[in-house]
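What follows is entry24.txt (compact mmCIF, C-alpha atoms).
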```
# COMPACT_ATOMS: atom_id res chain seq x y z
CA MET Y 166 39.61 50.75 20.83
CA GLY Y 167 37.77 54.01 21.04
CA SER Y 168 34.35 55.14 22.16
CA PRO Y 169 31.24 54.56 20.05
CA LEU Y 170 31.00 56.81 17.02
CA SER Y 171 28.54 59.39 15.80
CA ARG Y 172 27.39 59.86 12.23
CA GLN Y 173 29.59 62.95 12.02
CA ALA Y 174 32.57 60.84 13.00
CA ILE Y 175 31.72 58.36 10.25
CA GLU Y 176 31.67 61.19 7.73
CA ARG Y 177 35.02 62.42 9.01
CA VAL Y 178 36.43 58.92 8.52
CA TYR Y 179 35.05 58.94 4.99
CA ARG Y 180 36.68 62.28 4.20
CA GLU Y 181 40.01 61.28 5.71
CA GLN Y 182 40.19 57.57 4.91
CA GLY Y 183 37.60 56.93 2.21
CA THR Y 184 39.93 57.15 -0.75
CA GLN Y 185 42.50 54.90 0.88
CA LEU Y 186 39.79 52.42 1.80
CA TRP Y 187 38.60 52.49 -1.81
CA ARG Y 188 42.14 51.83 -3.02
CA GLY Y 189 42.33 48.87 -0.67
CA VAL Y 190 39.20 47.31 -2.12
CA TYR Y 191 40.35 48.23 -5.63
CA ALA Y 192 43.59 46.35 -4.98
CA PHE Y 193 41.76 43.47 -3.28
CA THR Y 194 39.52 42.97 -6.32
CA GLY Y 195 42.40 43.19 -8.75
CA GLY Y 196 41.44 46.57 -10.16
CA ARG Y 197 37.65 46.47 -10.26
CA ARG Y 198 36.35 50.02 -9.91
CA ASP Y 199 32.73 48.95 -9.95
CA LEU Y 200 33.19 46.51 -7.08
CA ALA Y 201 35.27 49.02 -5.13
CA ASP Y 202 32.62 51.73 -5.54
CA ASP Y 203 29.86 49.39 -4.46
CA ALA Y 204 31.72 47.84 -1.52
CA VAL Y 205 32.90 51.14 -0.09
CA ALA Y 206 29.51 52.81 -0.41
CA GLU Y 207 27.89 49.79 1.22
CA ALA Y 208 30.41 49.72 4.08
CA PHE Y 209 29.80 53.37 4.93
CA ALA Y 210 26.04 52.88 4.56
CA ARG Y 211 26.15 50.07 7.12
CA ALA Y 212 28.29 52.20 9.39
CA LEU Y 213 25.70 54.98 9.14
CA GLN Y 214 22.93 52.56 10.00
CA ASP Y 215 24.25 52.01 13.50
CA PRO Y 216 27.42 53.99 14.18
CA GLY Y 217 27.16 53.50 17.92
CA ARG Y 218 28.29 49.89 17.74
CA ILE Y 219 31.58 50.69 15.97
CA ARG Y 220 34.61 51.32 18.13
CA SER Y 221 37.48 50.98 15.64
CA PRO Y 222 36.01 52.38 12.44
CA VAL Y 223 38.87 51.91 10.02
CA PRO Y 224 39.39 48.16 10.53
CA TRP Y 225 35.61 47.73 10.74
CA LEU Y 226 35.05 49.51 7.43
CA TYR Y 227 37.81 47.58 5.73
CA ARG Y 228 36.35 44.31 6.99
CA VAL Y 229 32.83 45.10 5.77
CA ALA Y 230 34.08 46.39 2.42
CA PHE Y 231 36.36 43.42 1.85
CA ARG Y 232 33.56 41.01 2.74
CA GLN Y 233 31.20 42.79 0.41
CA ALA Y 234 33.70 42.68 -2.42
CA ALA Y 235 34.59 39.06 -1.71
CA ALA Y 236 30.92 38.09 -1.81
CA ARG Y 237 30.57 39.82 -5.16
CA LEU Y 238 33.64 38.05 -6.53
CA ARG Y 239 32.29 34.69 -5.32
CA GLU Y 240 28.92 35.44 -6.89
CA GLU Y 241 30.59 36.22 -10.19
CA ARG Y 242 32.60 33.01 -10.10
CA ARG Y 243 29.36 31.09 -9.65
CA GLN Y 244 27.79 32.68 -12.67
CA ASP Y 245 27.22 30.73 -15.79
CA ALA Y 246 29.75 30.81 -18.58
CA LEU Y 247 27.64 33.15 -20.71
CA PRO Y 248 28.31 31.15 -23.87
CA LEU Y 249 26.35 33.57 -26.02
CA GLU Y 250 28.72 36.42 -25.31
CA PRO Y 251 32.27 35.31 -25.93
CA ALA Y 252 33.46 38.90 -26.24
CA GLU Y 253 32.34 39.82 -22.75
CA PRO Y 254 34.26 38.89 -19.64
CA ALA Y 255 32.04 36.82 -17.37
CA GLY Y 256 31.24 38.55 -14.16
CA GLY Y 257 31.05 42.28 -14.35
CA ALA Y 258 33.08 45.17 -15.57
CA PRO Y 259 36.64 44.46 -16.56
CA ALA Y 260 39.51 44.94 -14.20
CA GLU Y 261 41.96 47.73 -14.76
CA ALA Y 262 45.63 47.09 -14.47
CA VAL Y 263 46.80 46.89 -10.88
CA PRO Y 264 50.45 47.23 -9.96
CA GLY Y 265 52.39 44.25 -11.26
CA VAL Y 266 53.25 43.10 -7.79
CA LEU Y 267 49.62 42.89 -6.70
CA ALA Y 268 48.46 41.14 -9.83
CA ARG Y 269 50.53 38.11 -8.87
CA LEU Y 270 48.90 37.71 -5.46
CA THR Y 271 45.64 36.25 -4.20
CA PRO Y 272 42.97 38.69 -2.99
CA GLN Y 273 43.78 37.86 0.64
CA GLN Y 274 47.48 38.44 0.05
CA ARG Y 275 46.75 41.68 -1.79
CA ALA Y 276 44.63 42.86 1.13
CA ALA Y 277 47.33 42.02 3.66
CA VAL Y 278 50.09 43.66 1.62
CA PHE Y 279 47.99 46.76 1.00
CA LEU Y 280 46.95 47.20 4.60
CA PHE Y 281 50.39 46.53 6.06
CA TYR Y 282 52.65 48.25 3.56
CA TYR Y 283 50.39 50.90 2.06
CA ALA Y 284 47.87 51.75 4.78
CA ASP Y 285 50.46 51.29 7.52
CA LEU Y 286 48.17 49.26 9.75
CA SER Y 287 49.63 47.05 12.44
CA ILE Y 288 49.44 43.27 12.10
CA ALA Y 289 46.67 43.29 14.71
CA ASP Y 290 44.69 45.88 12.76
CA VAL Y 291 45.28 44.07 9.48
CA ALA Y 292 43.85 40.97 11.15
CA ARG Y 293 40.82 42.95 12.34
CA ALA Y 294 40.38 44.55 8.93
CA THR Y 295 40.48 41.26 7.09
CA GLY Y 296 38.54 39.30 9.69
CA SER Y 297 41.35 36.82 10.13
CA SER Y 298 43.95 35.95 12.75
CA GLN Y 299 47.31 37.62 13.15
CA VAL Y 300 48.95 34.30 12.26
CA ALA Y 301 46.98 34.17 9.03
CA VAL Y 302 48.04 37.73 8.21
CA ARG Y 303 51.69 36.86 8.76
CA VAL Y 304 51.23 33.82 6.51
CA HIS Y 305 49.63 35.97 3.78
CA LEU Y 306 52.49 38.46 3.98
CA HIS Y 307 55.06 35.68 3.93
CA ARG Y 308 53.45 34.06 0.91
CA ALA Y 309 53.21 37.42 -0.81
CA ARG Y 310 56.95 37.81 -0.36
CA GLN Y 311 57.47 34.27 -1.64
CA ALA Y 312 55.36 35.05 -4.69
CA LEU Y 313 57.49 38.08 -5.32
CA ARG Y 314 60.65 36.12 -4.92
CA SER Y 315 59.49 33.58 -7.48
CA SER Y 316 58.36 36.36 -9.81
CA TYR Y 317 61.60 38.24 -9.72
CA GLY Y 318 63.75 35.16 -9.34
CA SER Y 319 67.37 35.88 -9.55
CA ALA Y 320 66.92 38.43 -12.29
CA ALA Y 321 68.07 41.96 -11.96
CA ALA Y 322 68.08 42.95 -8.37
CA MET Y 323 65.71 45.69 -7.42
CA ARG Y 324 67.16 48.88 -6.17
CA ALA Y 325 67.74 48.68 -2.49
CA SER Y 326 66.39 51.35 -0.24
CA PRO Y 327 66.96 52.22 3.39
CA GLY Y 328 65.60 49.62 5.73
CA GLY Y 329 62.29 49.79 7.49
CA ARG Y 330 58.68 48.89 6.95
CA ASP Y 331 58.73 49.73 3.25
CA ASP Y 332 61.30 47.12 2.47
CA CYS Y 333 61.02 43.42 2.05
CA GLU Y 334 64.00 41.15 1.96
CA LEU Y 335 63.63 38.71 -0.89
CA ALA Y 336 66.76 36.73 -0.43
CA MET M 20 67.77 41.58 -2.89
CA THR M 21 65.36 44.13 -1.48
CA VAL M 22 61.97 45.18 -2.82
CA ASN M 23 60.68 48.58 -1.85
CA TRP M 24 57.03 47.82 -1.29
CA ARG M 25 56.04 51.44 -1.12
CA SER M 26 57.35 52.17 -4.59
CA GLU M 27 55.78 48.99 -5.91
CA LEU M 28 52.41 50.08 -4.54
CA ALA M 29 52.81 53.72 -5.53
CA ALA M 30 50.70 53.14 -8.64
CA LEU M 31 47.71 53.02 -6.31
CA ASP M 32 48.29 56.70 -5.50
CA ARG M 33 47.03 57.50 -8.98
CA VAL M 34 43.68 55.70 -8.74
CA GLU M 35 40.71 57.26 -7.03
CA PRO M 36 36.97 56.71 -6.94
CA SER M 37 35.37 58.20 -10.02
CA ARG M 38 32.80 59.99 -7.86
CA ASP M 39 32.00 60.93 -4.30
CA LEU M 40 30.61 57.78 -2.68
CA TRP M 41 29.38 59.54 0.44
CA GLY M 42 26.08 60.50 -1.18
CA ASP M 43 25.61 56.91 -2.28
CA ALA M 44 26.28 55.70 1.27
CA LEU M 45 23.84 58.23 2.72
CA ALA M 46 21.16 57.23 0.26
CA ARG M 47 21.62 53.54 0.99
CA ALA M 48 21.51 54.14 4.71
CA GLY M 49 18.51 56.41 4.43
CA ALA M 50 16.59 53.92 2.35
CA ARG M 51 16.67 51.33 5.11
CA PRO M 52 14.99 51.25 8.44
CA THR M 53 17.38 51.86 11.29
CA ALA M 54 18.07 48.79 13.40
CA ALA M 55 15.60 48.70 16.25
CA SER M 56 16.97 48.79 19.77
CA PRO M 57 15.26 48.11 23.11
CA ARG M 58 15.53 51.82 23.91
CA ARG M 59 13.62 52.68 20.73
CA ARG M 60 10.96 50.09 21.43
CA ARG M 61 10.39 51.59 24.85
CA ALA M 62 9.99 55.09 23.56
CA PRO M 63 6.82 55.44 21.51
CA LEU M 64 6.81 59.19 22.14
CA VAL M 65 10.06 59.46 20.23
CA ALA M 66 8.44 57.68 17.30
CA VAL M 67 5.49 60.07 17.41
CA ALA M 68 7.86 63.03 17.45
CA VAL M 69 9.79 61.63 14.50
CA VAL M 70 6.58 61.16 12.54
CA ALA M 71 5.55 64.72 13.32
CA VAL M 72 8.89 66.08 12.19
CA LEU M 73 8.79 64.03 9.00
CA ALA M 74 5.27 65.26 8.29
CA ALA M 75 6.45 68.85 8.76
CA ILE M 76 9.36 68.23 6.40
CA LEU M 77 7.04 66.68 3.81
CA PHE M 78 4.82 69.74 3.81
CA ALA M 79 7.60 72.31 3.94
CA THR M 80 10.16 70.82 1.60
CA PRO M 81 10.14 70.80 -2.18
CA ALA M 82 10.15 67.34 -3.70
CA TRP M 83 13.75 67.55 -4.84
CA ALA M 84 14.99 68.02 -1.29
CA LEU M 85 13.57 64.76 -0.02
CA VAL M 86 15.78 61.72 0.45
CA ARG M 87 15.30 59.38 -2.45
CA GLU M 88 15.36 55.65 -2.37
CA ILE M 89 17.97 53.94 -4.45
CA LEU M 90 17.57 50.50 -5.94
CA PRO M 91 20.72 48.41 -5.35
CA PHE M 92 21.70 47.47 -8.89
CA TRP M 93 23.56 44.28 -8.07
CA SER M 94 20.60 42.89 -6.13
CA GLN M 95 18.23 43.12 -9.11
CA PRO M 96 17.27 40.06 -11.18
CA LYS M 97 19.71 39.22 -13.93
CA ALA M 98 18.61 39.31 -17.54
CA PRO M 99 17.89 36.11 -19.45
CA ALA M 100 20.13 35.18 -22.36
CA PRO M 101 17.95 36.68 -25.13
CA VAL M 102 18.05 40.09 -23.45
CA ARG M 103 21.80 39.84 -22.94
CA VAL M 104 22.20 39.10 -26.62
CA VAL M 105 20.32 42.28 -27.50
CA PHE M 106 22.64 44.27 -25.24
CA SER M 107 25.65 42.60 -26.83
CA SER M 108 24.38 43.82 -30.18
CA LEU M 109 24.63 47.41 -28.94
CA ASN M 110 28.39 47.02 -29.13
CA LEU M 111 28.30 45.88 -32.75
CA GLY M 112 28.39 48.15 -35.73
CA ALA M 113 29.48 51.24 -33.82
CA PRO M 114 32.10 53.39 -35.52
CA ARG M 115 35.67 52.78 -34.41
CA GLY M 116 36.12 54.08 -30.87
CA MET M 117 32.40 54.72 -30.45
CA SER M 118 31.25 51.40 -29.02
CA PRO M 119 29.52 51.84 -25.67
CA HIS M 120 31.06 48.56 -24.45
CA ALA M 121 27.90 47.47 -22.69
CA VAL M 122 28.68 44.74 -20.17
CA SER M 123 25.75 42.64 -21.31
CA GLY M 124 26.45 39.81 -18.87
CA GLU M 125 25.61 42.18 -16.02
CA THR M 126 22.26 43.35 -17.38
CA ARG M 127 19.63 43.72 -14.66
CA ASP M 128 15.85 44.15 -14.50
CA VAL M 129 15.30 47.41 -12.64
CA GLY M 130 11.54 47.74 -12.89
CA GLN M 131 8.24 47.67 -14.73
CA PHE M 132 6.77 50.73 -16.41
CA THR M 133 3.50 50.96 -18.32
CA PHE M 134 3.29 53.22 -21.33
CA GLY M 135 1.97 52.99 -24.87
CA GLY M 136 -0.64 50.55 -23.62
CA LEU M 137 1.98 47.99 -22.64
CA ALA M 138 3.89 46.95 -19.56
CA HIS M 139 7.58 47.46 -20.29
CA THR M 140 10.55 46.04 -18.43
CA LEU M 141 13.49 48.37 -18.03
CA TRP M 142 16.74 46.47 -18.55
CA VAL M 143 19.96 48.26 -17.64
CA ALA M 144 23.58 47.21 -18.22
CA PRO M 145 26.72 49.01 -17.06
CA ALA M 146 29.06 50.28 -19.76
CA LYS M 147 32.71 49.32 -19.57
CA ASN M 148 33.96 52.90 -19.76
CA GLY M 149 31.37 54.33 -17.38
CA GLY M 150 27.73 55.10 -17.93
CA PHE M 151 25.11 52.56 -18.89
CA CYS M 152 22.91 51.16 -21.63
CA VAL M 153 19.15 50.69 -21.35
CA LEU M 154 16.40 48.90 -23.18
CA TRP M 155 12.70 49.33 -22.52
CA LEU M 156 11.28 46.04 -23.71
CA PRO M 157 9.25 45.06 -25.58
CA HIS M 158 8.65 48.27 -27.55
CA GLY M 159 10.21 51.25 -25.76
CA GLY M 160 13.57 51.40 -27.50
CA GLY M 161 16.75 52.25 -25.68
CA GLY M 162 20.31 53.42 -25.99
CA CYS M 163 23.48 54.15 -24.12
CA SER M 164 24.58 57.06 -21.97
CA THR M 165 28.32 57.20 -21.52
CA ALA M 166 28.86 60.96 -21.41
CA HIS M 167 27.35 61.51 -17.93
CA LEU M 168 24.89 64.10 -19.25
CA PRO M 169 22.31 65.29 -16.69
CA LEU M 170 19.29 64.24 -18.72
CA GLY M 171 18.50 61.90 -21.58
CA THR M 172 15.04 61.38 -23.05
CA GLY M 173 13.30 59.22 -25.58
CA ALA M 174 9.79 59.64 -26.94
CA LEU M 175 7.23 58.30 -29.36
CA LEU M 176 6.07 61.34 -31.35
CA ARG M 177 2.81 61.76 -33.20
CA PRO M 178 3.02 63.04 -36.80
CA SER M 179 2.38 66.51 -35.39
CA GLY M 180 5.53 66.22 -33.30
CA VAL M 181 3.91 65.98 -29.88
CA PRO M 182 4.89 63.09 -27.61
CA GLU M 183 2.60 60.15 -26.92
CA TRP M 184 4.92 58.80 -24.27
CA LEU M 185 8.29 59.67 -22.83
CA THR M 186 11.14 57.73 -21.33
CA GLY M 187 14.28 59.13 -19.82
CA SER M 188 17.26 58.90 -17.54
CA ALA M 189 18.81 61.39 -15.14
CA GLU M 190 22.37 61.38 -13.81
CA ALA M 191 22.01 60.79 -10.06
CA SER M 192 24.94 62.97 -9.05
CA LEU M 193 23.59 65.97 -11.01
CA VAL M 194 19.82 65.65 -10.95
CA HIS M 195 17.43 65.41 -8.03
CA ASP M 196 14.08 65.93 -9.69
CA VAL M 197 12.49 65.76 -13.13
CA VAL M 198 9.47 67.82 -14.16
CA ILE M 199 7.38 67.39 -17.31
CA ARG M 200 5.78 70.67 -18.40
CA PHE M 201 2.73 71.12 -20.60
CA SER M 202 1.72 73.93 -22.91
CA ASP M 203 -1.09 74.97 -20.56
CA GLY M 204 1.39 75.59 -17.76
CA THR M 205 0.64 72.47 -15.77
CA THR M 206 3.39 70.11 -14.65
CA VAL M 207 3.83 66.47 -13.71
CA ARG M 208 6.63 64.79 -11.78
CA PRO M 209 7.15 61.29 -13.13
CA ARG M 210 8.02 58.44 -10.81
CA ILE M 211 11.79 58.04 -10.92
CA VAL M 212 13.52 54.76 -10.15
CA TRP M 213 17.00 55.62 -8.90
CA VAL M 214 19.58 52.90 -9.39
CA SER M 215 22.81 52.58 -7.42
CA ALA M 216 26.38 52.31 -8.66
CA PRO M 217 27.69 51.38 -11.14
CA ILE M 218 24.67 52.87 -12.93
CA GLY M 219 24.21 55.99 -10.79
CA ALA M 220 21.11 57.21 -12.59
CA GLY M 221 17.36 57.53 -12.29
CA PHE M 222 14.88 56.29 -14.87
CA PHE M 223 11.36 57.38 -15.66
CA ALA M 224 8.60 56.80 -18.16
CA TYR M 225 5.44 58.80 -18.70
CA ASP M 226 2.32 57.98 -20.66
CA VAL M 227 1.01 61.31 -21.92
CA PRO M 228 -2.80 61.54 -21.44
CA ALA M 229 -4.74 61.55 -24.70
CA ASN M 230 -6.09 65.04 -24.01
CA GLU M 231 -2.49 66.33 -23.79
CA GLN M 232 -1.47 65.14 -27.24
CA SER M 233 -3.01 67.90 -29.37
CA ARG M 234 -1.33 70.88 -31.02
CA ARG M 235 -2.86 73.15 -28.37
CA HIS M 236 -2.23 70.94 -25.35
CA HIS M 237 0.94 68.93 -25.29
CA VAL M 238 4.22 68.31 -23.51
CA THR M 239 6.60 71.21 -24.08
CA THR M 240 9.68 70.33 -22.00
CA VAL M 241 11.23 67.79 -19.71
CA ASP M 242 13.27 69.67 -17.10
CA ALA M 243 15.92 68.34 -14.74
CA TYR M 244 16.68 70.12 -11.45
CA ASP M 245 19.53 69.72 -9.04
CA ARG M 246 19.20 69.37 -5.27
CA ALA M 247 19.01 73.15 -4.85
CA GLY M 248 16.17 73.39 -7.35
CA ARG M 249 18.26 74.87 -10.16
CA LEU M 250 17.46 73.88 -13.72
CA VAL M 251 20.39 71.79 -15.00
CA ALA M 252 18.99 70.38 -18.26
CA ARG M 253 15.98 70.81 -20.50
CA GLN M 254 14.64 68.74 -23.38
CA GLY M 255 12.09 70.58 -25.52
CA PHE M 256 9.36 69.20 -27.77
CA ARG M 257 7.84 71.04 -30.73
```

Produce structure tokens that represent the structure in this file.
Amino acid sequence: MGSPLSRQAIERVYREQGTQLWRGVYAFTGGRRDLADDAVAEAFARALQDPGRIRSPVPWLYRVAFRQAAARLREERRQDALPLEPAEPAGGAPAEAVPGVLARLTPQQRAAVFLFYYADLSIADVARATGSSQVAVRVHLHRARQALRSSYGSAAAMRASPGGRDDCELA
Amino acid sequence: MTVNWRSELAALDRVEPSRDLWGDALARAGARPTAASPRRRRAPLVAVAVVAVLAAILFATPAWALVREILPFWSQPKAPAPVRVVFSSLNLGAPRGMSPHAVSGETRDVGQFTFGGLAHTLWVAPAKNGGFCVLWLPHGGGGCSTAHLPLGTGALLRPSGVPEWLTGSAEASLVHDVVIRFSDGTTVRPRIVWVSAPIGAGFFAYDVPANEQSRRHHVTTVDAYDRAGRLVARQGFR
């Protein structure tokens, strides 16, 4: 935890972490640029509204952006089937291709994997960023690994690399 | 078997926001009242000082330097099915590779404008490859802007070539102000409705007064200026 932030500090976070935050929401939404743009801009706007109440800006911004994007995804799922427009995907702009690994995961699992393996946040910070418990984060990571295991099966083994945070044992 | 997560996620290194979102965040924050706190409620003198400073800024600052309000696109009313069908039709009949790919299911009502003696609703839909498509209904026409040009205009022209009314759009990241100039040297700044991402543009319509529709007195240009007051685009008439 740090001290309350100023608007200048929020801007510094944007310059240093904004792109990574955007990539997190992009991954979370399965490759939706429009949702990522909107959620990230909204998260920083809310931070600017009252920066003094934020003590850990990065997890806070992730949490707000993820919630914003999740709300948008839920709203789109509730939308009607748009029967008059079969050529259009219901619910917003189309998703771009996300890395194959992420495409097989749920949004919550994608968020956990991104934050832990890509953004290098601790389990505690991943929990803060996703607004869930540390146990839930560990479960999401475990299930993400399970999903990978079932995807790759016993097919060609992936190239091993030196141990550490970047690696995940599948077998 | 070991998966290297970092290499699996490396594809994310190649994706970035298509634009700087900081300006969008600032605009959204600036468009809202700041959350009131007990300290603020106890300090009316601060409020008076703020009002005085704002008044000074209003008098001393050109219009394009003022913070503009941005309409949150996703919060606007969704279009009914008949309007969505019209937007779908924008994708039909385009030459190969030229379709704007309007996402008609996400069409929104972004405001009412009166011109040509009628109240028009401005419907806007995001385009799949960036940009947007617009329709001014019932009789204002429309089109798509996918090239991120600073300024786009439409007009109903009299047989003499002078405009009766104008509609237009301005790219929010490039344009801060729009000025309509007349042949007698006078100018008008139309009301611009700025719309947030994924549209990222401002829209305006202007009903030209009857006494400004003659060969001697008419609209000559629509000019777009950036935040520093530099001319970035001009559409001429006659």

Distance in Å - atom CA of Ser123 of chain M versus atom CA of Ile89 of chain M: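 Those two atoms sit 21.7 Å apart.
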
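Considering the residues Y:Thr295, Y:Ala204, Y:Gln185, Y:Leu306 and counting all atoms listed in the file, Ala230 of chain Y has its shortest atom-to-atom contact with Y:Ala204.
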
Top pick for closest residue to chain M, considering Y:Leu186, Y:Leu170, Y:Arg269, Y:Glu207 and counting only C-alpha atoms: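 Ranking Y:Leu186, Y:Leu170, Y:Arg269, Y:Glu207 by distance to chain M, first place goes to Y:Glu207.
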
Selected residue, from M:Gly160, M:Gly219, M:Gly255, M:Gly204, that lies nearest to chain Y when counting only C-alpha atoms: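 That would be M:Gly219, the residue with the smallest distance to chain Y.
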
Interatomic distance, atom CA of Pro96 of chain M to atom CA of Glu125 of chain M (Å, one decimal):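 These atoms are spaced 9.9 Å apart.
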